[in-house]
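*Asks:* Once you've had a glance at the structure underneath, I'll fire off some questions.
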Amino acid sequence: MLVINVSRIPPEGLGVEESLEPGEVHLEGEESFTLAPGGRLESRLERAEDDSVHVRGTLSARLRLQCGRCLESFELPVEQDLDLFYLRRRHDDQDGEEDEVELSDRDMVVAYYDGDRLDLGEMVREQFFLTVPLKRLCREECRGLCPACGANRNQVRCACPPEPAASPFGSLRSLFEDKDR
Ligand SMILES: [Zn+2]
Ligand SMILES: [Zn+2]
């Protein structure tokens, strides 16, 4: 289980080593990529007296994405060291402001958890989104689809004349390249 009850983290810390399932890391319904089998989280959690939780470990997984140029799917390996600091969100603050925390001297990623529940699946999901590049290309030099006939130019050399100026496939291709976030 990737959902941790913070109050049950023992004084000596808690090791969490889990294989990653798409449901546990909240990727159901995610359309921009999927999680390939075999992903793994190895982490160690330590709770401080103020109920802040320090998460350290490694995340290794492979994501399947679709190339923005040739539309073939490809795998992106994720090998990520984790060093995150979680603070309990206080519900008695009605003004909605987070507590002022003195972390300026620490170079750490700070996040919040609610109640007693820290969801490492949510953390993994965020790491995936941080890892996925804005431009999703199967390789830097991907040659994409022929704007005239739609052939994958990484695989075939079609007989079309080079780059006709006004083609519906041409504008389609620029659409694909622009939509990458
Ligand atoms: Zn490609
Ligand atoms: Zn062609």
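FYI, nothing fancy with the structure tokens labels: chains A, B, ... in order, residues from 1 per chain, ligands from 1 as they appear.
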What residues of the protein or nucleic acid chains come within 10 Å of ligand 1 when you use only C-alpha atoms and all ligand atoms? Reply as a count of residues only.
*Replies:* 22
*Asks:* Which residues of chain A have any atom within 6 Å of an atom in ligand 2 when counting only C-alpha atoms and all ligand atoms, and what is the closest pair of atoms for each, with the distance in Å to one decimal? Order the rows by chain and rising number and write it as CSV.
*Replies:*
residue,atom,partner,partner_atom_place_in_ligand_line,distance
A:Cys146,CA,ligand 2,1 (Zn),4.6
A:Ala148,CA,ligand 2,1 (Zn),4.9
A:Cys149,CA,ligand 2,1 (Zn),4.0
A:Gly150,CA,ligand 2,1 (Zn),5.9
A:Ala151,CA,ligand 2,1 (Zn),5.5
A:Cys158,CA,ligand 2,1 (Zn),4.6
A:Ala159,CA,ligand 2,1 (Zn),5.9
A:Cys160,CA,ligand 2,1 (Zn),4.4
*Asks:* With N, CA and C atoms retained, could you export that selection as a PDB file, in the first residue's frame?
*Replies:*
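File out.pdb, as written:
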ATOM      1  N   CYS A 146       5.196  11.750 -43.249  1.00  0.00           N
ATOM      2  CA  CYS A 146       5.199  12.492 -44.510  1.00  0.00           C
ATOM      3  C   CYS A 146       3.943  13.354 -44.562  1.00  0.00           C
ATOM      4  N   ALA A 148       2.452  14.514 -46.990  1.00  0.00           N
ATOM      5  CA  ALA A 148       1.593  14.233 -48.145  1.00  0.00           C
ATOM      6  C   ALA A 148       0.848  12.909 -47.982  1.00  0.00           C
ATOM      7  N   CYS A 149       1.565  11.819 -47.683  1.00  0.00           N
ATOM      8  CA  CYS A 149       0.910  10.505 -47.668  1.00  0.00           C
ATOM      9  C   CYS A 149       0.757   9.942 -46.256  1.00  0.00           C
ATOM     10  N   GLY A 150       1.379  10.571 -45.270  1.00  0.00           N
ATOM     11  CA  GLY A 150       1.218  10.100 -43.900  1.00  0.00           C
ATOM     12  C   GLY A 150       2.141   8.955 -43.513  1.00  0.00           C
ATOM     13  N   ALA A 151       3.064   8.568 -44.407  1.00  0.00           N
ATOM     14  CA  ALA A 151       3.978   7.469 -44.081  1.00  0.00           C
ATOM     15  C   ALA A 151       4.931   7.886 -42.958  1.00  0.00           C
ATOM     16  N   CYS A 158       8.985   7.325 -48.752  1.00  0.00           N
ATOM     17  CA  CYS A 158       7.884   7.351 -49.725  1.00  0.00           C
ATOM     18  C   CYS A 158       8.325   8.145 -50.952  1.00  0.00           C
ATOM     19  N   ALA A 159       7.500   8.110 -51.973  1.00  0.00           N
ATOM     20  CA  ALA A 159       7.878   8.724 -53.246  1.00  0.00           C
ATOM     21  C   ALA A 159       7.344  10.142 -53.400  1.00  0.00           C
ATOM     22  N   CYS A 160       6.836  10.690 -52.325  1.00  0.00           N
ATOM     23  CA  CYS A 160       6.231  12.022 -52.432  1.00  0.00           C
ATOM     24  C   CYS A 160       7.309  13.074 -52.683  1.00  0.00           C
TER      25      CYS A 160
END
*Asks:* Between CA of Asp83 (chain A) and CA of Asp50 (chain A), measure the distance and give it in Å to one decimal.
*Replies:* 18.2 Å
*Asks:* Could you name the residues that touch Val6 (chain A) at 7 Å or less, counting only C-alpha atoms, but leaving out those on the same chain fewer than 6 positions away, as a PyMOL selection string?
*Replies:* chain A and resi 116-118
*Asks:* Which neighbours of Asp114 (chain A) fall inside 8 Å, counting only C-alpha atoms, when residues of the same chain fewer than 5 positions from it are skipped, and could you give them as JSON, numbers by chain?
*Replies:* {"A": [88, 89, 90]}
*Asks:* Using CA of Ala61 (chain A) and CA of Arg40 (chain A) as the two end points, give the distance in Å to one decimal.
*Replies:*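 Atom-to-atom, CA of Ala61 (chain A) to CA of Arg40 (chain A), that is 6.1 Å.
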*Asks:* Neighbouring residues of His26 (chain A) were defined as those with any atom within 10 Å, considering only C-alpha atoms; residues of the same chain fewer than 3 positions away were excluded. Please report them as an MDAnalysis selection string.
*Replies:* chainID A and resid 21:23 29:30 121:126
*Asks:* Can you tell me which residues surround Arg47 (chain A) at a distance of at most 12 Å, considering only C-alpha atoms, apart from same-chain residues fewer than 3 positions away, and format the answer as a PyMOL selection string?
*Replies:* chain A and resi 4-15+44+50-56+85-88+116+118
*Asks:* Using DSSP on the backbone coordinates, identify all residues within region 3-84 of chain A classified as strand (DSSP E); present the result as number ranges by chain.
*Replies:* A: 3-5, 14-19, 33-35, 40-47, 53-66, 73-84
*Asks:* For Val132 (chain A), list every protein, DNA or RNA residue within 9 Å, evaluated using only C-alpha atoms, and leave out those in the same chain fewer than 2 positions away; present the list as an mmCIF file with C-alpha atoms, in the first residue's frame.
*Replies:*
data_model
loop_
_atom_site.group_PDB
_atom_site.id
_atom_site.type_symbol
_atom_site.label_atom_id
_atom_site.label_comp_id
_atom_site.auth_asym_id
_atom_site.auth_seq_id
_atom_site.Cartn_x
_atom_site.Cartn_y
_atom_site.Cartn_z
ATOM 1 C CA PHE A 33 1.097 8.504 -20.883
ATOM 2 C CA LEU A 63 6.376 5.343 -18.993
ATOM 3 C CA LEU A 65 4.244 7.908 -24.416
ATOM 4 C CA LEU A 76 10.669 6.782 -21.292
ATOM 5 C CA VAL A 78 12.326 7.139 -15.078
ATOM 6 C CA GLN A 127 7.219 12.824 -10.107
ATOM 7 C CA PHE A 128 6.044 11.293 -13.372
ATOM 8 C CA PHE A 129 4.513 14.563 -14.501
ATOM 9 C CA LEU A 130 7.725 16.382 -13.643
ATOM 10 C CA LEU A 134 7.270 19.089 -22.868
ATOM 11 C CA LYS A 135 8.190 17.840 -26.292
ATOM 12 C CA ARG A 136 7.519 14.142 -26.514
#
*Asks:* What separation in Å, quoted to one decimal, exists between CA of Arg64 (chain A) and CA of Leu82 (chain A)?
*Replies:*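 Going from CA of Arg64 (chain A) over to CA of Leu82 (chain A) covers 21.4 Å.
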